[in-house]
$ cat target.tsv   # TSV, C-alpha atoms
chain	number	residue	atom	x	y	z
A	1	MET	CA	-267.72	20.54	96.69
A	2	ILE	CA	-268.89	20.89	93.08
A	3	ALA	CA	-268.35	17.75	90.98
A	4	SER	CA	-270.69	18.31	88.07
A	5	GLU	CA	-270.53	20.55	85.04
A	6	GLY	CA	-274.09	21.70	85.57
A	7	GLU	CA	-273.58	22.92	89.11
A	8	LEU	CA	-270.33	24.66	88.16
A	9	PHE	CA	-271.83	26.32	85.09
A	10	LYS	CA	-274.91	27.48	87.04
A	11	LYS	CA	-272.66	29.10	89.65
A	12	ILE	CA	-270.40	30.79	87.11
A	13	LEU	CA	-273.16	31.99	84.76
A	14	GLY	CA	-275.51	33.17	87.49
A	15	PRO	CA	-278.75	34.64	86.08
A	16	ALA	CA	-277.49	34.03	82.51
A	17	TRP	CA	-278.02	30.29	83.08
A	18	ARG	CA	-281.77	30.84	82.65
A	19	GLY	CA	-281.11	32.02	79.10
A	20	LEU	CA	-279.89	28.58	78.05
A	21	HIS	CA	-282.25	26.41	76.03
A	22	PRO	CA	-284.21	24.17	78.47
A	23	ASP	CA	-282.79	21.06	76.75
A	24	ILE	CA	-279.24	22.20	77.54
A	25	GLN	CA	-280.17	22.97	81.13
A	26	ALA	CA	-281.70	19.50	81.49
A	27	ARG	CA	-278.64	17.90	79.86
A	28	PHE	CA	-276.27	19.46	82.40
A	29	ASP	CA	-278.59	18.65	85.30
A	30	HIS	CA	-277.44	15.02	84.96
A	31	ASN	CA	-274.64	14.78	87.51
A	32	PRO	CA	-272.04	12.00	87.14
A	33	MET	CA	-271.82	10.32	90.52
A	34	PRO	CA	-268.57	8.51	91.45
A	35	GLY	CA	-268.67	5.12	89.72
A	36	LYS	CA	-271.67	6.17	87.60
A	37	PRO	CA	-270.33	8.13	84.61
A	38	LEU	CA	-272.39	9.76	81.89
A	39	HIS	CA	-271.89	8.42	78.36
A	40	TYR	CA	-272.27	10.23	75.05
A	41	THR	CA	-271.71	8.97	71.53
A	42	GLY	CA	-271.59	10.72	68.20
A	43	ARG	CA	-269.82	11.32	64.94
A	44	MET	CA	-267.15	13.83	64.16
A	45	THR	CA	-268.17	15.63	60.98
A	46	GLU	CA	-265.04	17.74	60.76
A	47	LEU	CA	-261.50	17.40	62.10
A	48	THR	CA	-258.93	19.73	60.56
A	49	CYS	CA	-255.58	21.26	61.37
A	50	SER	CA	-253.43	23.76	59.53
A	51	SER	CA	-249.78	23.11	58.70
A	52	VAL	CA	-248.79	25.00	61.84
A	53	GLY	CA	-251.37	23.05	63.82
A	54	ARG	CA	-249.98	19.77	62.52
A	55	VAL	CA	-246.49	20.66	63.75
A	56	LEU	CA	-247.85	21.70	67.16
A	57	GLY	CA	-249.93	18.54	67.35
A	58	TYR	CA	-246.99	16.23	66.75
A	59	LEU	CA	-244.72	18.19	69.10
A	60	THR	CA	-247.22	18.09	71.98
A	61	MET	CA	-248.50	14.54	71.41
A	62	PRO	CA	-246.11	12.96	73.96
A	63	LEU	CA	-247.26	15.41	76.66
A	64	ILE	CA	-250.95	16.01	75.98
A	65	GLN	CA	-251.97	13.20	73.67
A	66	GLY	CA	-255.20	13.97	71.86
A	67	ALA	CA	-255.56	17.57	72.99
A	68	LEU	CA	-254.19	18.85	69.67
A	69	MET	CA	-254.68	16.21	66.99
A	70	PRO	CA	-252.42	16.66	63.94
A	71	PHE	CA	-254.86	15.00	61.54
A	72	ASN	CA	-257.49	15.87	58.94
A	73	ASP	CA	-260.45	13.49	58.93
A	74	ALA	CA	-264.27	13.38	58.91
A	75	ASP	CA	-267.23	11.10	59.53
A	76	PHE	CA	-265.87	8.90	62.30
A	77	PRO	CA	-267.31	7.89	65.69
A	78	VAL	CA	-266.44	9.48	69.02
A	79	ASP	CA	-267.31	8.22	72.50
A	80	ILE	CA	-267.31	10.56	75.50
A	81	GLU	CA	-267.44	9.65	79.18
A	82	VAL	CA	-267.99	12.30	81.87
A	83	TYR	CA	-267.18	11.19	85.39
A	84	SER	CA	-266.26	12.30	88.89
A	85	LYS	CA	-264.04	10.84	91.59
A	86	GLN	CA	-264.77	10.40	95.27
A	87	GLY	CA	-263.40	13.33	97.26
A	88	SER	CA	-262.49	15.39	94.18
A	89	ALA	CA	-264.13	18.58	92.97
A	90	ALA	CA	-262.89	17.97	89.41
A	91	ILE	CA	-265.11	16.89	86.50
A	92	PHE	CA	-263.30	14.48	84.19
A	93	LYS	CA	-264.04	14.04	80.49
A	94	GLN	CA	-262.59	11.17	78.48
A	95	ARG	CA	-262.91	11.19	74.71
A	96	ILE	CA	-262.08	8.33	72.35
A	97	TYR	CA	-261.71	9.39	68.72
A	98	ARG	CA	-262.03	6.40	66.37
A	99	LEU	CA	-260.40	7.93	63.32
A	100	ASN	CA	-260.53	6.36	59.88
A	101	GLY	CA	-257.54	4.13	59.20
A	102	ARG	CA	-255.75	5.00	62.46
A	103	LYS	CA	-255.55	3.68	65.98
A	104	PRO	CA	-258.13	5.28	68.31
A	105	VAL	CA	-256.90	8.40	70.11
A	106	GLN	CA	-257.87	8.83	73.76
A	107	PHE	CA	-257.79	12.21	75.44
A	108	THR	CA	-258.80	12.99	79.02
A	109	SER	CA	-259.10	16.45	80.55
A	110	TYR	CA	-260.62	17.71	83.75
A	111	MET	CA	-262.38	20.88	84.75
A	112	LEU	CA	-262.70	22.60	88.12
A	113	GLU	CA	-263.32	25.93	89.77
A	114	SER	CA	-260.33	27.86	91.08
A	115	ALA	CA	-260.23	29.57	94.46
A	116	ARG	CA	-260.91	32.82	92.58
A	117	GLY	CA	-264.07	31.49	90.96
A	118	GLU	CA	-262.53	30.79	87.55
A	119	VAL	CA	-263.32	27.80	85.35
A	120	LEU	CA	-260.08	25.97	84.59
A	121	GLU	CA	-259.59	23.04	82.23
A	122	TYR	CA	-256.44	20.93	82.54
A	123	VAL	CA	-255.31	18.94	79.52
A	124	GLY	CA	-252.27	17.12	80.91
A	125	MET	CA	-248.81	17.64	82.48
A	126	GLY	CA	-250.14	20.62	84.48
A	127	MET	CA	-251.07	22.49	81.32
A	128	GLY	CA	-254.46	24.12	81.10
A	129	MET	CA	-256.51	27.13	80.19
A	130	LYS	CA	-258.93	29.51	81.86
A	131	LEU	CA	-262.40	29.46	80.31
A	132	VAL	CA	-264.99	32.24	80.09
A	133	LEU	CA	-268.61	31.10	79.72
A	134	ALA	CA	-271.40	32.91	77.91
A	135	VAL	CA	-274.95	32.26	76.69
A	136	ARG	CA	-275.82	33.38	73.16
A	137	ASP	CA	-279.02	32.51	71.30
A	138	GLY	CA	-279.82	29.92	73.98
A	139	ASN	CA	-276.57	28.03	73.36
A	140	LEU	CA	-273.55	27.63	75.63
A	141	HIS	CA	-270.24	29.18	74.56
A	142	PHE	CA	-266.74	28.81	75.99
A	143	GLU	CA	-263.76	31.01	75.19
A	144	SER	CA	-260.24	30.57	76.47
A	145	ASP	CA	-258.75	33.46	78.42
A	146	GLY	CA	-255.11	32.47	78.64
A	147	TYR	CA	-253.12	29.25	78.88
A	148	PHE	CA	-250.90	28.25	81.78
A	149	TRP	CA	-248.55	25.62	83.11
A	150	GLN	CA	-249.15	24.76	86.77
A	151	VAL	CA	-246.09	23.74	88.77
A	152	LEU	CA	-246.27	22.98	92.52
A	153	GLY	CA	-249.62	24.75	92.73
A	154	VAL	CA	-248.38	27.90	90.96
A	155	ARG	CA	-249.91	28.86	87.61
A	156	ILE	CA	-247.32	30.17	85.17
A	157	PRO	CA	-248.91	32.03	82.22
A	158	ILE	CA	-247.89	30.88	78.73
A	159	PRO	CA	-247.43	33.77	76.26
A	160	ALA	CA	-250.16	33.75	73.62
A	161	TRP	CA	-247.64	33.51	70.77
A	162	PHE	CA	-246.44	30.14	72.12
A	163	THR	CA	-249.91	28.58	72.28
A	164	PRO	CA	-252.03	27.02	69.50
A	165	GLY	CA	-254.30	30.06	69.72
A	166	LYS	CA	-257.52	31.16	71.38
A	167	THR	CA	-260.07	28.36	71.84
A	168	TYR	CA	-263.75	28.83	71.02
A	169	LEU	CA	-266.32	26.14	71.79
A	170	CYS	CA	-270.07	26.13	71.18
A	171	HIS	CA	-272.54	23.59	72.60
A	172	ARG	CA	-275.56	24.05	70.33
A	173	ASN	CA	-278.86	22.31	70.97
A	174	ASN	CA	-280.64	20.36	68.26
A	175	ASP	CA	-283.36	18.74	70.35
A	176	SER	CA	-283.74	17.03	73.73
A	177	ALA	CA	-281.70	14.03	72.55
A	178	GLN	CA	-279.06	15.59	70.31
A	179	PHE	CA	-276.56	18.45	70.33
A	180	ASP	CA	-273.68	19.82	68.26
A	181	ILE	CA	-270.20	20.67	69.49
A	182	ARG	CA	-267.91	22.93	67.49
A	183	ILE	CA	-264.38	23.86	68.55
A	184	GLU	CA	-262.11	26.32	66.77
A	185	ILE	CA	-258.62	27.35	67.84
A	186	ARG	CA	-257.43	30.59	66.23
A	187	HIS	CA	-253.93	32.00	66.47
A	188	ALA	CA	-253.47	35.77	66.12
A	189	LEU	CA	-250.65	35.28	63.60
A	190	PHE	CA	-251.31	31.89	62.00
A	191	GLY	CA	-255.12	31.94	61.78
A	192	THR	CA	-257.29	28.90	62.51
A	193	THR	CA	-254.99	26.08	63.62
A	194	PHE	CA	-257.53	23.43	64.68
A	195	THR	CA	-261.23	22.72	64.10
A	196	GLN	CA	-263.51	20.00	65.45
A	197	ALA	CA	-267.23	19.63	64.85
A	198	GLY	CA	-269.57	16.78	65.68
A	199	VAL	CA	-273.09	15.67	66.55
A	200	PHE	CA	-273.71	13.81	69.82
A	201	ARG	CA	-276.39	12.20	71.96
A	202	GLU	CA	-276.48	10.82	75.47
A	203	VAL	CA	-276.40	7.06	75.89
A	204	ARG	CA	-278.88	6.08	78.61
A	205	SER	CA	-278.30	2.80	80.42
$ encode --input "target.tsv" --output "structure tokens"
Amino acid sequence: MIASEGELFKKILGPAWRGLHPDIQARFDHNPMPGKPLHYTGRMTELTCSSVGRVLGYLTMPLIQGALMPFNDADFPVDIEVYSKQGSAAIFKQRIYRLNGRKPVQFTSYMLESARGEVLEYVGMGMGMKLVLAVRDGNLHFESDGYFWQVLGVRIPIPAWFTPGKTYLCHRNNDSAQFDIRIEIRHALFGTTFTQAGVFREVRS
């Protein structure tokens, strides 16, 4: 049973894992044991959404709060907790966005490996996306490869036109203590609908 991002990413990437910067490898070698989560803190330098993104964000807020934030903001703190649960192969990630002049927004997703060896991330109400991993210039990249709604164990594909767009995420290393995360969601018709960028570091107890 895999319950850490590092072990899952090593398995999925295979030999490509060795192309990651050693700092990133070491970062993901920290496994969150049940009851002993990993903590990260940082600042969001960019949070944007287009007019289409704003509509999607407000429409989906009751179902997947925080997954698609309909706000434009910058320079605010974010806390991240990565944890596992006893008897579960899922890796959970809770984010708390402390936006300027608004109530904090909390968003929790979880990631696991499917029976077919796919990396799946669930964002709430059975909705999720398949992720493809790659290593470029020593950094770790994720790209969505379709969204779905899972009902009674069956994954129902969501047509691309009815999604916020294709998700691109880059985990870029700065040094052994600090890293950047950049997320862009781009729709084939409406262009970039959402962007997030921030700088983070692990909080050691």
$ closest_residue --input "target.tsv" --among "A:Ile158, A:Phe179, A:Gly87, A:Met127" --to "Pro34 (chain A)" --atoms "all atoms listed in the file"
A:Gly87
$ residues_around --input "target.tsv" --residues "region 2-17 of chain A" --least-positions-apart "2" --cutoff "7 Å" --atoms "all atoms listed in the file" --output "list in words"
Gly19, Leu20, Phe28, Asp29, Asn31, Pro32, Ser84, Ala89, Ala90, Ile91, Leu133 and Val135 of chain A
$ closest_residue --input "target.tsv" --among "A:Trp161, A:Tyr97, A:Trp149, A:Phe92" --to "Ser109 (chain A)" --atoms "all atoms listed in the file"
A:Phe92
$ atom_distance --input "target.tsv" --atom1 "CA of Pro70 (chain A)" --atom2 "CA of Asn100 (chain A)"
13.7 Å
$ closest_atom_pairs --input "target.tsv" --of "region 118-185 of chain A" --to "region 48-60 of chain A" --cutoff "10 Å" --atoms "all atoms listed in the file" --output "JSON lines"
{"residue": "A:Phe162", "atom": "CA", "partner": "A:Leu56", "partner_atom": "CA", "distance": 9.9}
{"residue": "A:Thr163", "atom": "CA", "partner": "A:Leu56", "partner_atom": "CA", "distance": 8.8}
{"residue": "A:Pro164", "atom": "CA", "partner": "A:Gly53", "partner_atom": "CA", "distance": 7.0}
{"residue": "A:Gly165", "atom": "CA", "partner": "A:Gly53", "partner_atom": "CA", "distance": 9.6}
{"residue": "A:Glu184", "atom": "CA", "partner": "A:Thr48", "partner_atom": "CA", "distance": 9.6}
{"residue": "A:Ile185", "atom": "CA", "partner": "A:Gly53", "partner_atom": "CA", "distance": 9.3}
$ residues_near_point --input "target.tsv" --point "(-279.5, 21.9, 66.0)" --cutoff "12 Å" --atoms "only C-alpha atoms" --output "ChimeraX atom specification"
/A:21,23-24,137-139,170-182,198-201
$ closest_residue --input "target.tsv" --among "A:Tyr168, A:Arg186, A:His39, A:Phe76" --to "Arg102 (chain A)" --atoms "only C-alpha atoms"
A:Phe76
$ atom_distance --input "target.tsv" --atom1 "CA of Phe142 (chain A)" --atom2 "CA of Thr108 (chain A)"
18.0 Å
$ build_atoms --input "target.tsv" --residues "region 80-91 of chain A" --atoms "all heavy atoms" --output "compact mmCIF listing (two decimals), in the frame of the given file"
# COMPACT_ATOMS: atom_id res chain seq x y z
N ILE A 80 -267.68 9.65 74.42
CA ILE A 80 -267.31 10.56 75.50
C ILE A 80 -267.85 10.02 76.82
O ILE A 80 -269.00 9.59 76.90
CB ILE A 80 -267.87 11.97 75.26
CG1 ILE A 80 -267.34 12.54 73.93
CG2 ILE A 80 -267.51 12.90 76.41
CD1 ILE A 80 -267.95 13.87 73.56
N GLU A 81 -267.02 10.05 77.84
CA GLU A 81 -267.44 9.65 79.18
C GLU A 81 -267.14 10.80 80.14
O GLU A 81 -266.01 11.30 80.18
CB GLU A 81 -266.68 8.39 79.62
CG GLU A 81 -267.07 7.88 81.00
CD GLU A 81 -266.36 6.59 81.36
OE1 GLU A 81 -266.80 5.52 80.90
OE2 GLU A 81 -265.35 6.66 82.09
N VAL A 82 -268.14 11.24 80.87
CA VAL A 82 -267.99 12.30 81.87
C VAL A 82 -268.13 11.66 83.24
O VAL A 82 -269.13 10.99 83.52
CB VAL A 82 -269.04 13.41 81.68
CG1 VAL A 82 -268.84 14.51 82.71
CG2 VAL A 82 -268.98 13.98 80.26
N TYR A 83 -267.14 11.87 84.10
CA TYR A 83 -267.18 11.19 85.39
C TYR A 83 -266.56 12.04 86.49
O TYR A 83 -265.85 13.02 86.22
CB TYR A 83 -266.48 9.83 85.30
CG TYR A 83 -265.02 9.86 84.94
CD1 TYR A 83 -264.02 9.84 85.92
CD2 TYR A 83 -264.61 9.90 83.60
CE1 TYR A 83 -262.68 9.86 85.57
CE2 TYR A 83 -263.27 9.92 83.25
CZ TYR A 83 -262.31 9.89 84.24
OH TYR A 83 -260.98 9.91 83.90
N SER A 84 -266.84 11.65 87.72
CA SER A 84 -266.26 12.30 88.89
C SER A 84 -265.55 11.25 89.73
O SER A 84 -265.71 10.04 89.52
CB SER A 84 -267.36 12.99 89.72
OG SER A 84 -268.30 12.04 90.20
N LYS A 85 -264.76 11.72 90.69
CA LYS A 85 -264.04 10.84 91.59
C LYS A 85 -264.37 11.20 93.03
O LYS A 85 -264.55 12.37 93.36
CB LYS A 85 -262.53 10.94 91.36
CG LYS A 85 -262.06 10.47 90.00
CD LYS A 85 -260.55 10.59 89.87
CE LYS A 85 -260.05 10.12 88.51
NZ LYS A 85 -258.56 10.25 88.39
N GLN A 86 -264.45 10.18 93.86
CA GLN A 86 -264.77 10.40 95.27
C GLN A 86 -263.75 11.34 95.90
O GLN A 86 -262.54 11.18 95.76
CB GLN A 86 -264.74 9.06 96.02
CG GLN A 86 -265.35 9.12 97.41
CD GLN A 86 -266.87 9.31 97.36
OE1 GLN A 86 -267.56 8.66 96.58
NE2 GLN A 86 -267.38 10.19 98.20
N GLY A 87 -264.26 12.40 96.57
CA GLY A 87 -263.40 13.33 97.26
C GLY A 87 -262.74 14.37 96.39
O GLY A 87 -261.89 15.14 96.87
N SER A 88 -263.09 14.42 95.09
CA SER A 88 -262.49 15.39 94.18
C SER A 88 -263.56 16.32 93.64
O SER A 88 -264.68 15.90 93.34
CB SER A 88 -261.81 14.66 93.02
OG SER A 88 -261.36 15.59 92.05
N ALA A 89 -263.20 17.60 93.52
CA ALA A 89 -264.13 18.58 92.97
C ALA A 89 -264.02 18.66 91.45
O ALA A 89 -264.75 19.43 90.82
CB ALA A 89 -263.85 19.95 93.57
N ALA A 90 -263.11 17.90 90.85
CA ALA A 90 -262.89 17.97 89.41
C ALA A 90 -263.94 17.17 88.65
O ALA A 90 -264.47 16.17 89.14
CB ALA A 90 -261.49 17.46 89.06
N ILE A 91 -264.23 17.60 87.43
CA ILE A 91 -265.11 16.89 86.50
C ILE A 91 -264.23 16.39 85.37
O ILE A 91 -263.59 17.19 84.67
CB ILE A 91 -266.22 17.80 85.95
CG1 ILE A 91 -267.01 18.44 87.10
CG2 ILE A 91 -267.15 17.02 85.03
CD1 ILE A 91 -267.05 19.94 87.02
